[in-house]
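Here is my_file.cif, consisting of mmCIF, C-alpha atoms:
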```cif
data_protein
loop_
_atom_site.label_atom_id
_atom_site.label_comp_id
_atom_site.auth_asym_id
_atom_site.auth_seq_id
_atom_site.Cartn_x
_atom_site.Cartn_y
_atom_site.Cartn_z
CA MET Y 2 -32.52 -87.92 -42.61
CA SER Y 3 -30.70 -85.47 -40.32
CA ILE Y 4 -32.42 -82.66 -38.48
CA HIS Y 5 -30.62 -79.25 -38.18
CA ARG Y 6 -31.55 -77.10 -35.26
CA ASN Y 7 -31.37 -73.30 -35.69
CA ARG Y 8 -29.01 -71.63 -33.23
CA MET Y 9 -30.04 -68.42 -31.47
CA LEU Y 10 -27.87 -65.47 -32.57
CA GLY Y 11 -27.33 -62.04 -30.88
CA LEU Y 12 -28.10 -60.98 -27.31
CA SER Y 13 -31.10 -61.64 -25.22
CA LEU Y 14 -32.99 -58.77 -23.67
CA ILE Y 15 -31.63 -59.62 -20.24
CA GLU Y 16 -28.04 -59.63 -21.48
CA LEU Y 17 -28.56 -56.30 -23.20
CA MET Y 18 -29.97 -54.75 -20.02
CA ILE Y 19 -27.05 -56.07 -17.98
CA ALA Y 20 -24.58 -54.60 -20.49
CA MET Y 21 -26.34 -51.24 -20.38
CA VAL Y 22 -26.27 -51.18 -16.58
CA LEU Y 23 -22.57 -52.00 -16.56
CA GLY Y 24 -21.94 -49.28 -19.14
CA LEU Y 25 -23.84 -46.75 -17.06
CA LEU Y 26 -21.84 -47.70 -13.97
CA ILE Y 27 -18.60 -47.22 -15.87
CA MET Y 28 -19.74 -43.86 -17.24
CA ALA Y 29 -20.80 -42.75 -13.76
CA GLY Y 30 -17.38 -43.68 -12.44
CA VAL Y 31 -15.64 -41.80 -15.23
CA ALA Y 32 -17.86 -38.74 -14.64
CA SER Y 33 -17.17 -38.89 -10.91
CA ILE Y 34 -13.42 -39.04 -11.46
CA PHE Y 35 -13.60 -36.19 -13.98
CA SER Y 36 -15.66 -34.06 -11.59
CA ALA Y 37 -13.29 -34.75 -8.71
CA ASN Y 38 -10.25 -33.95 -10.83
CA SER Y 39 -11.89 -30.74 -12.05
CA GLN Y 40 -12.60 -29.71 -8.47
CA ILE Y 41 -9.04 -30.51 -7.39
CA ASN Y 42 -7.67 -28.58 -10.37
CA ARG Y 43 -9.91 -25.61 -9.58
CA SER Y 44 -8.82 -25.64 -5.94
CA SER Y 45 -5.17 -25.88 -6.94
CA GLN Y 46 -5.54 -22.94 -9.31
CA ASN Y 47 -7.26 -20.86 -6.62
CA VAL Y 48 -4.50 -21.65 -4.11
CA SER Y 49 -1.85 -20.78 -6.71
CA ARG Y 50 -3.52 -17.43 -7.45
CA VAL Y 51 -3.76 -16.65 -3.73
CA GLN Y 52 -0.07 -17.46 -3.24
CA GLU Y 53 0.95 -15.38 -6.25
CA THR Y 54 -1.12 -12.44 -5.01
CA ALA Y 55 0.53 -12.69 -1.59
CA ARG Y 56 4.02 -12.67 -3.13
CA THR Y 57 3.20 -9.65 -5.28
CA VAL Y 58 1.63 -7.68 -2.43
CA PHE Y 59 4.50 -8.35 -0.04
CA GLU Y 60 6.96 -7.18 -2.69
CA LEU Y 61 5.04 -3.93 -3.27
CA MET Y 62 4.48 -3.24 0.42
CA GLY Y 63 8.10 -4.07 1.14
CA ARG Y 64 9.33 -1.43 -1.32
CA ASP Y 65 7.37 1.24 0.54
CA LEU Y 66 7.89 0.17 4.13
CA ARG Y 67 11.61 -0.57 3.83
CA GLU Y 68 12.16 3.05 2.77
CA SER Y 69 10.21 4.52 5.70
CA GLY Y 70 12.09 7.45 7.19
CA VAL Y 71 14.71 7.67 4.42
CA ASN Y 72 15.49 11.33 3.72
CA GLY Y 73 18.81 11.46 1.86
CA CYS Y 74 20.69 12.90 4.84
CA GLY Y 75 20.89 9.98 7.24
CA ARG Y 76 18.82 9.34 10.32
CA ILE Y 77 17.40 12.53 11.83
CA SER Y 78 15.43 12.53 15.08
CA ASN Y 79 11.81 13.66 15.07
CA ASP Y 80 12.71 16.72 17.13
CA SER Y 81 14.93 17.93 14.30
CA VAL Y 82 12.30 17.55 11.55
CA HIS Y 83 10.31 20.78 11.20
CA ASN Y 84 7.01 20.64 9.35
CA VAL Y 85 5.91 24.12 8.26
CA LEU Y 86 2.79 23.00 6.37
CA THR Y 87 -0.44 24.65 7.47
CA GLY Y 88 -2.19 22.24 9.82
CA ALA Y 89 0.93 20.21 10.55
CA GLY Y 90 0.45 18.02 13.60
CA THR Y 91 -3.35 17.94 13.30
CA ALA Y 92 -5.58 14.97 12.49
CA ALA Y 93 -6.61 16.60 9.21
CA LEU Y 94 -3.01 16.44 7.95
CA TRP Y 95 -2.18 12.97 9.32
CA TRP Y 96 -0.73 11.89 5.96
CA ALA Y 97 2.01 14.58 6.12
CA ASN Y 98 2.81 14.43 9.84
CA TRP Y 99 6.36 13.13 10.20
CA THR Y 100 6.63 10.53 12.97
CA GLY Y 101 9.93 9.02 12.00
CA GLY Y 102 8.63 7.90 8.62
CA ILE Y 103 6.18 5.23 9.74
CA ILE Y 104 3.04 5.07 11.82
CA GLY Y 105 0.27 2.53 12.28
CA TYR Y 106 -3.42 2.91 13.01
CA GLU Y 107 -5.61 0.34 14.71
CA ALA Y 108 -8.78 -0.94 13.05
CA GLY Y 109 -11.58 1.58 13.30
CA THR Y 110 -9.36 4.68 13.56
CA VAL Y 111 -10.89 7.66 11.74
CA LEU Y 112 -8.58 9.04 9.03
CA ALA Y 113 -9.53 12.04 6.91
CA GLY Y 114 -9.64 11.22 3.21
CA ILE Y 115 -9.94 7.43 3.53
CA PRO Y 116 -13.13 6.92 5.55
CA ILE Y 117 -14.57 3.65 6.78
CA GLY Y 118 -17.55 2.71 4.61
CA ALA Y 119 -19.12 0.51 1.96
CA GLY Y 120 -18.26 2.76 -0.99
CA VAL Y 121 -15.50 1.95 -3.45
CA GLY Y 122 -12.21 2.45 -1.63
CA GLY Y 123 -13.95 2.71 1.74
CA ARG Y 124 -11.96 1.12 4.55
CA VAL Y 125 -12.97 -2.09 6.31
CA ALA Y 126 -13.49 -1.27 9.99
CA THR Y 127 -11.83 -4.48 11.23
CA SER Y 128 -8.54 -4.03 9.36
CA ASP Y 129 -5.38 -2.18 10.44
CA VAL Y 130 -3.73 0.67 8.53
CA VAL Y 131 0.00 1.30 8.04
CA HIS Y 132 1.38 4.62 6.77
CA SER Y 133 4.86 5.22 5.35
CA MET Y 134 6.72 8.43 4.50
CA HIS Y 135 10.12 8.92 2.91
CA GLY Y 136 12.04 11.12 0.55
CA SER Y 137 11.91 10.45 -3.18
CA PRO Y 138 14.91 8.70 -4.76
CA SER Y 139 15.30 11.75 -7.02
CA VAL Y 140 17.48 14.00 -4.86
CA PHE Y 141 18.64 17.52 -5.81
CA GLN Y 142 21.49 19.42 -4.17
CA VAL Y 143 21.17 22.90 -2.74
CA VAL Y 144 23.59 25.50 -4.13
CA THR Y 145 22.31 28.42 -2.07
CA HIS Y 146 19.29 29.07 0.13
CA ASN Y 147 18.30 32.71 -0.15
CA THR Y 148 16.23 33.35 2.98
CA ALA Y 149 16.35 37.14 2.44
CA ALA Y 150 14.38 36.93 -0.81
CA ALA Y 151 10.63 37.49 -0.82
CA PRO Y 152 9.65 34.72 -0.88
CA PRO Y 153 12.71 32.68 0.15
CA VAL Y 154 14.18 30.49 -2.58
CA ILE Y 155 16.19 27.28 -2.45
CA ASN Y 156 18.48 27.53 -5.48
CA LEU Y 157 19.53 24.29 -7.08
CA GLY Y 158 21.65 25.98 -9.75
CA GLY Y 159 22.60 24.80 -13.22
CA PRO Y 160 20.14 23.99 -16.01
CA ASP Y 161 16.63 22.65 -15.52
CA LEU Y 162 17.64 19.77 -13.28
CA ASN Y 163 14.67 19.51 -10.94
CA THR Y 164 11.39 17.94 -11.94
CA MET Y 165 9.30 19.30 -9.08
CA GLN Y 166 6.00 21.02 -9.70
CA ASN Y 167 4.22 23.91 -8.00
CA GLY Y 168 2.30 22.44 -5.09
CA ASP Y 169 4.61 19.48 -4.46
CA ILE Y 170 5.23 18.58 -0.83
CA ALA Y 171 9.01 18.54 -0.42
CA MET Y 172 11.68 17.83 2.17
CA VAL Y 173 15.02 19.59 2.49
CA CYS Y 174 17.69 18.34 4.88
CA ASP Y 175 21.29 18.58 5.96
CA PHE Y 176 23.00 16.44 8.58
CA LEU Y 177 21.53 18.48 11.45
CA MET Y 178 17.87 18.91 10.61
CA ALA Y 179 15.15 18.59 7.97
CA SER Y 180 12.11 20.63 6.93
CA ILE Y 181 8.86 19.69 5.22
CA PHE Y 182 7.27 22.41 3.08
CA GLN Y 183 5.20 23.02 -0.05
CA VAL Y 184 6.78 24.31 -3.25
CA THR Y 185 4.95 27.48 -4.25
CA ASN Y 186 7.01 28.40 -7.30
CA ASN Y 187 9.36 26.13 -9.19
CA ARG Y 188 11.67 28.55 -11.01
CA SER Y 189 13.27 25.86 -13.13
CA GLY Y 190 13.71 28.25 -16.05
CA THR Y 191 15.16 31.16 -14.07
CA GLY Y 192 17.84 29.95 -11.73
CA ASN Y 193 16.35 26.55 -11.04
CA GLY Y 194 15.04 27.50 -7.60
CA LEU Y 195 12.20 26.39 -5.36
CA ALA Y 196 10.27 29.18 -3.63
CA HIS Y 197 8.44 28.51 -0.36
CA ALA Y 198 5.96 31.29 0.32
CA THR Y 199 2.82 31.45 2.43
CA GLY Y 200 -0.62 31.89 0.90
CA GLY Y 201 -1.03 31.79 -2.87
CA GLY Y 202 -4.05 29.51 -2.84
CA PHE Y 203 -2.07 26.35 -2.21
CA ALA Y 204 -3.40 23.49 -0.12
CA PRO Y 205 -2.40 22.86 2.56
CA GLY Y 206 0.09 25.73 2.04
CA ASN Y 207 2.96 26.86 4.23
CA ALA Y 208 2.29 28.32 7.66
CA SER Y 209 5.60 30.22 7.60
CA VAL Y 210 8.39 31.08 5.17
CA GLY Y 211 10.98 30.13 7.77
CA LEU Y 212 11.99 26.46 7.64
CA GLY Y 213 13.43 26.28 11.14
CA GLY Y 214 11.75 25.27 14.38
CA SER Y 215 8.61 27.29 15.19
CA GLY Y 216 8.88 28.88 11.73
CA LEU Y 217 12.19 30.57 12.46
CA THR Y 218 14.53 31.38 9.59
CA TYR Y 219 17.05 28.69 8.78
CA ALA Y 220 19.28 28.76 5.70
CA TYR Y 221 20.21 25.33 4.42
CA PRO Y 222 23.88 25.16 3.43
CA PRO Y 223 25.33 24.15 0.06
CA ASN Y 224 25.09 20.41 -0.66
CA ALA Y 225 21.97 20.01 1.46
CA ASN Y 226 19.45 17.71 -0.24
CA VAL Y 227 15.96 18.45 -1.57
CA MET Y 228 13.44 15.82 -2.63
CA ARG Y 229 9.72 15.21 -2.91
CA LEU Y 230 8.07 13.77 0.16
CA GLU Y 231 6.39 10.48 -0.72
CA SER Y 232 3.46 9.43 1.45
CA SER Y 233 1.59 6.13 1.10
CA THR Y 234 -1.03 4.37 3.22
CA TRP Y 235 -1.94 0.67 3.01
CA TYR Y 236 -5.36 -0.65 4.03
CA VAL Y 237 -8.12 -3.13 3.10
CA GLY Y 238 -11.19 -1.62 1.48
CA ASN Y 239 -14.28 -2.33 -0.61
CA ASN Y 240 -14.02 -2.76 -4.37
CA ASP Y 241 -17.76 -3.06 -5.25
CA ARG Y 242 -17.25 -6.46 -6.91
CA PRO Y 243 -19.17 -8.88 -4.64
CA ASP Y 244 -18.88 -11.76 -7.13
CA SER Y 245 -15.14 -11.97 -6.41
CA GLY Y 246 -15.42 -11.31 -2.68
CA GLY Y 247 -15.80 -7.54 -2.64
CA LEU Y 248 -12.53 -6.66 -0.86
CA SER Y 249 -9.10 -5.51 -2.03
CA LEU Y 250 -5.86 -4.09 -0.73
CA PHE Y 251 -5.59 -0.35 -1.40
CA ARG Y 252 -2.70 2.09 -1.37
CA ALA Y 253 -3.61 5.73 -0.75
CA VAL Y 254 -0.95 8.04 -2.18
CA SER Y 255 -0.60 11.77 -1.64
CA ARG Y 256 -0.71 13.37 -5.09
CA ASN Y 257 -0.25 16.94 -6.22
CA GLY Y 258 -3.56 18.14 -7.64
CA GLY Y 259 -2.14 21.29 -9.20
CA GLY Y 260 -1.38 22.76 -5.81
CA THR Y 261 -5.03 22.88 -4.74
CA SER Y 262 -5.05 19.41 -3.21
CA THR Y 263 -2.44 16.98 -1.93
CA ALA Y 264 -4.81 14.68 -0.03
CA PRO Y 265 -4.38 10.90 -0.38
CA VAL Y 266 -5.87 9.26 -3.47
CA ALA Y 267 -6.79 5.57 -3.14
CA GLU Y 268 -5.46 3.08 -5.70
CA GLU Y 269 -6.53 -0.57 -5.80
CA VAL Y 270 -3.50 -2.86 -5.62
CA ALA Y 271 -4.83 -6.43 -5.41
CA GLU Y 272 -8.27 -7.99 -4.94
CA GLY Y 273 -9.10 -10.93 -2.71
CA ILE Y 274 -7.36 -9.53 0.39
CA THR Y 275 -9.84 -9.52 3.26
CA ASP Y 276 -7.76 -8.50 6.27
CA LEU Y 277 -4.54 -6.70 7.19
CA GLN Y 278 -3.04 -6.94 10.67
CA VAL Y 279 0.20 -5.14 11.51
CA GLN Y 280 2.63 -5.33 14.42
CA TYR Y 281 5.78 -3.28 14.99
CA LEU Y 282 9.16 -4.33 16.37
CA LEU Y 283 9.93 -1.96 19.24
CA ASN Y 284 12.58 -2.63 21.89
CA GLY Y 285 12.88 -6.27 20.89
CA ALA Y 286 9.15 -7.13 20.92
CA TYR Y 287 6.33 -6.99 18.38
CA VAL Y 288 3.50 -4.75 19.55
CA THR Y 289 0.33 -3.30 18.06
CA ALA Y 290 0.03 0.32 16.96
CA ALA Y 291 -1.89 1.16 20.14
CA ALA Y 292 1.14 0.16 22.22
CA VAL Y 293 3.55 2.53 20.42
CA ALA Y 294 3.83 5.97 22.00
CA ALA Y 295 3.65 9.00 19.72
CA ASN Y 296 7.35 9.77 20.16
CA ALA Y 297 8.44 6.13 19.80
CA TRP Y 298 7.62 5.51 16.14
CA GLN Y 299 11.11 6.64 15.18
CA ASN Y 300 12.43 3.65 17.17
CA VAL Y 301 10.45 1.00 15.27
CA THR Y 302 12.91 -1.24 13.41
CA ALA Y 303 10.66 -3.72 11.60
CA VAL Y 304 7.04 -4.36 10.64
CA ARG Y 305 5.25 -7.72 10.75
CA ILE Y 306 2.46 -7.91 8.18
CA GLN Y 307 -0.27 -10.56 8.32
CA LEU Y 308 -2.56 -10.78 5.30
CA THR Y 309 -5.71 -12.87 4.91
CA LEU Y 310 -6.46 -13.73 1.28
CA GLN Y 311 -9.43 -15.42 -0.38
CA GLY Y 312 -9.75 -17.06 -3.78
CA LEU Y 313 -11.72 -15.08 -6.33
CA GLU Y 314 -13.76 -18.12 -7.45
CA GLN Y 315 -16.18 -20.02 -5.27
CA GLU Y 316 -15.97 -23.80 -4.94
CA ARG Y 317 -17.82 -26.58 -3.13
CA ASP Y 318 -16.62 -27.84 0.23
CA ALA Y 319 -17.05 -31.40 1.54
CA ALA Y 320 -20.62 -30.61 2.59
CA GLY Y 321 -21.47 -29.17 -0.81
CA ALA Y 322 -21.67 -25.55 0.34
CA LEU Y 323 -20.11 -22.76 -1.71
CA THR Y 324 -16.93 -21.38 -0.17
CA ARG Y 325 -13.64 -19.70 -1.09
CA VAL Y 326 -10.07 -20.78 -0.52
CA THR Y 327 -8.72 -18.79 2.45
CA ARG Y 328 -5.08 -18.50 3.47
CA GLN Y 329 -3.07 -16.36 5.89
CA PHE Y 330 0.45 -15.16 5.13
CA THR Y 331 2.94 -13.38 7.36
CA GLN Y 332 5.98 -11.35 6.32
CA VAL Y 333 8.50 -9.37 8.35
CA ILE Y 334 9.84 -6.21 6.68
CA ALA Y 335 12.89 -4.51 8.18
CA LEU Y 336 13.17 -0.74 7.93
CA ARG Y 337 16.35 -0.18 5.98
CA ASN Y 338 17.57 2.98 7.69
CA ARG Y 339 16.99 1.52 11.19
CA LEU Y 340 19.29 -1.51 10.91
#
```

Take the structure I supplied and represent it as structure tokens, if you would.
Amino acid sequence: MSIHRNRMLGLSLIELMIAMVLGLLIMAGVASIFSANSQINRSSQNVSRVQETARTVFELMGRDLRESGVNGCGRISNDSVHNVLTGAGTAALWWANWTGGIIGYEAGTVLAGIPIGAGVGGRVATSDVVHSMHGSPSVFQVVTHNTAAAPPVINLGGPDLNTMQNGDIAMVCDFLMASIFQVTNNRSGTGNGLAHATGGGFAPGNASVGLGGSGLTYAYPPNANVMRLESSTWYVGNNDRPDSGGLSLFRAVSRNGGGTSTAPVAEEVAEGITDLQVQYLLNGAYVTAAAVAANAWQNVTAVRIQLTLQGLEQERDAAGALTRVTRQFTQVIALRNRL
């Protein structure tokens, strides 16, 4: 008679516990790898966004700054540019004061219309400001300049060619001099002329009807050029979105508010920019705005822009603290009409 012994089938409790521990270790490893890869991917995306923002901003700033001082008549010295706007040369009208087409302001400088402060569009006190002025690409030719009329009129002739509006800040120039004035009556339907009177409720208005030095009469000859004066100011300001860092790059543009206001209006360009530092190439060396004399801005040939950018999303650093990707970028922009 043979005896059959029953064999034990399945797993013992100890074997099951060992298998579970091994499974948990494997899952922990997979979770750790997934978490690390997610963090790396998030960091890579933040860096990519920062780099893309820098490229876009440098392209936009370059378009403005390269055109600084361009007026459609070649390079004209500051002494030959006559600004007849009311308040020209004062701090209140800094955005329309011609200094060769470009001027910089050190951090903390008080500028009317774009104050330092925590409000939306308010400037950051530690960031520089760069201001550019140039003639619009839309240039109209003078046929006659009737200085004997009351008020004087710059006739462009032909059909309704000009697109200027009453209250526009304009520049007219020949190869000897240029004048900055405010259009007080665009007679596009009756002779296509631009009147430049005093008074009339315009802001800032014209201090004189004469477009020459000290308000003297000067008649611009045929084929002189007339264009809008474009004025833009770049600075870092507050955007009231603390979750994404709270700071952006702004561009303040002088806009015609129906003739009653031409003060700069701030427009947000790109968020995540926390600092703007600017240097200017003068006599072969890069210097800060404080080192450029008032009459030397017309000799600046290039601008070196340094931007500090932060990622919009927070991430954990090696110590586990929340932080943002931060990068600095530098770009040199040559002024086209100074080369």

> Rounded to one decimal in Å, what is the spacing between CA of Asp318 in chain Y and CA of Glu272 in chain Y?
Replying inline: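 Straight-line distance from CA of Asp318 in chain Y to CA of Glu272 in chain Y works out to 22.1 Å.
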
>> Would you pick out the contacts of range 118-131 of chain Y at 6 Å or less, using all atoms listed in the file, so that residues sharing its chain but fewer than 3 positions from it are not included, and give the list as a list of chain:residue names?
In response: Y:Gly105, Y:Tyr106, Y:Glu107, Y:Ala108, Y:Gly109, Y:Thr234, Y:Trp235, Y:Tyr236, Y:Val237, Y:Gly238, Y:Asn239, Y:Asn240, Y:Asp241, Y:Asp276, Y:Leu277, Y:Gln278

> With all atoms listed in the file as the basis for distance, which of Y:Asn47, Y:Leu250, Y:Asn186, Y:Gly88 is at the shortest distance from Thr324 in chain Y?
Replying inline: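 Counting all atoms listed in the file, the residue closest to Thr324 in chain Y is Y:Asn47.
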
> If you count only C-alpha atoms, which residues fall within 7 Å of Glu68 in chain Y, apart from same-chain ones fewer than 4 positions away, as a count of residues only?
Replying inline: 4

> Separation of CA of Leu283 in chain Y and CA of His132 in chain Y, in Å?
Replying inline: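 It comes out at 16.5 Å.
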
>> Which residues would end up in the selection if the PyMOL selection byres ((chain Y and resi 176-180) around 7) were applied here, given that I need the answer as a ChimeraX atom specification?
In response: /Y:74-75,77,81-84,172-175,181-182,212

>> Evaluate the PyMOL selection byres ((chain Y and resi 194-199) around 10) against this structure - the residues, as JSON, numbers by chain, please.
In response: {"Y": [85, 86, 87, 143, 144, 145, 146, 147, 148, 150, 151, 152, 153, 154, 155, 156, 157, 158, 159, 161, 162, 163, 165, 166, 167, 168, 171, 182, 183, 184, 185, 186, 187, 188, 189, 190, 191, 192, 193, 200, 201, 202, 203, 206, 207, 208, 209, 210, 211, 212, 227]}

>> Could you list, as a PyMOL selection string, every residue matched by the PyMOL selection byres ((chain Y and resi 287-300) around 8) in this structure?
In response: chain Y and resi 78-79+100-107+279-286+301-302+305+339

>> Here is a test: counting only C-alpha atoms, which residue of Y:Ser255, Y:Asn224, Y:Ser69, Y:Ser44 is nearest to Trp95 in chain Y?
In response: Y:Ser255

> At what distance in Å, to one decimal, does CA of Leu310 in chain Y lie from CA of Val326 in chain Y?
Replying inline: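 Here the two named atoms are 8.1 Å from each other.
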
> Which one is closest to Gln315 in chain Y: Y:Asn98, Y:Thr261, Y:Asn338, Y:Thr327? Count only C-alpha atoms.
Replying inline: Y:Thr327

> Which one of Y:Ser13, Y:Gln142, Y:Ser133, Y:Asn257 sits closest to Ser232 in chain Y if you count only C-alpha atoms?
Replying inline: Y:Ser133

Save range 306-326 of chain Y of the structure in the block above to a file, with N, CA and C atoms included, as a tab-separated table (two decimals), in the first residue's frame.
```tsv
chain	number	residue	atom	x	y	z
Y	306	ILE	N	21.01	96.36	-25.03
Y	306	ILE	CA	19.86	96.05	-24.17
Y	306	ILE	C	20.14	94.78	-23.39
Y	307	GLN	N	19.96	94.83	-22.08
Y	307	GLN	CA	20.04	93.63	-21.24
Y	307	GLN	C	18.70	93.42	-20.55
Y	308	LEU	N	18.08	92.28	-20.83
Y	308	LEU	CA	16.79	91.93	-20.26
Y	308	LEU	C	16.94	90.78	-19.28
Y	309	THR	N	16.23	90.86	-18.16
Y	309	THR	CA	16.12	89.74	-17.23
Y	309	THR	C	14.71	89.21	-17.32
Y	310	LEU	N	14.59	87.91	-17.62
Y	310	LEU	CA	13.28	87.28	-17.79
Y	310	LEU	C	13.10	86.15	-16.79
Y	311	GLN	N	11.85	85.96	-16.35
Y	311	GLN	CA	11.49	84.86	-15.47
Y	311	GLN	C	10.39	84.02	-16.10
Y	312	GLY	N	10.42	82.71	-15.79
Y	312	GLY	CA	9.35	81.84	-16.23
Y	312	GLY	C	8.04	82.21	-15.55
Y	313	LEU	N	6.94	81.96	-16.23
Y	313	LEU	CA	5.64	82.33	-15.67
Y	313	LEU	C	5.14	81.31	-14.65
Y	314	GLU	N	5.66	80.07	-14.73
Y	314	GLU	CA	5.24	79.01	-13.81
Y	314	GLU	C	6.34	78.76	-12.77
Y	315	GLN	N	5.91	78.53	-11.53
Y	315	GLN	CA	6.86	78.20	-10.49
Y	315	GLN	C	7.21	76.71	-10.55
Y	316	GLU	N	8.43	76.39	-10.08
Y	316	GLU	CA	8.87	75.01	-10.02
Y	316	GLU	C	9.74	74.83	-8.79
Y	317	ARG	N	10.01	73.56	-8.43
Y	317	ARG	CA	10.80	73.27	-7.24
Y	317	ARG	C	12.28	73.23	-7.59
Y	318	ASP	N	13.09	73.86	-6.70
Y	318	ASP	CA	14.53	73.76	-6.89
Y	318	ASP	C	15.05	72.53	-6.16
Y	319	ALA	N	16.38	72.36	-6.10
Y	319	ALA	CA	16.97	71.17	-5.49
Y	319	ALA	C	16.62	71.05	-4.01
Y	320	ALA	N	16.38	72.19	-3.36
Y	320	ALA	CA	16.04	72.17	-1.94
Y	320	ALA	C	14.54	72.04	-1.70
Y	321	GLY	N	13.77	71.99	-2.78
Y	321	GLY	CA	12.33	71.84	-2.65
Y	321	GLY	C	11.56	73.14	-2.56
Y	322	ALA	N	12.26	74.27	-2.64
Y	322	ALA	CA	11.59	75.57	-2.56
Y	322	ALA	C	11.04	75.97	-3.92
Y	323	LEU	N	9.93	76.72	-3.91
Y	323	LEU	CA	9.35	77.20	-5.15
Y	323	LEU	C	10.19	78.33	-5.73
Y	324	THR	N	10.45	78.27	-7.01
Y	324	THR	CA	11.26	79.28	-7.68
Y	324	THR	C	10.82	79.40	-9.13
Y	325	ARG	N	11.39	80.34	-9.86
Y	325	ARG	CA	11.10	80.53	-11.28
Y	325	ARG	C	12.40	80.51	-12.07
Y	326	VAL	N	12.32	79.97	-13.27
Y	326	VAL	CA	13.47	80.01	-14.17
Y	326	VAL	C	13.82	81.47	-14.45
```
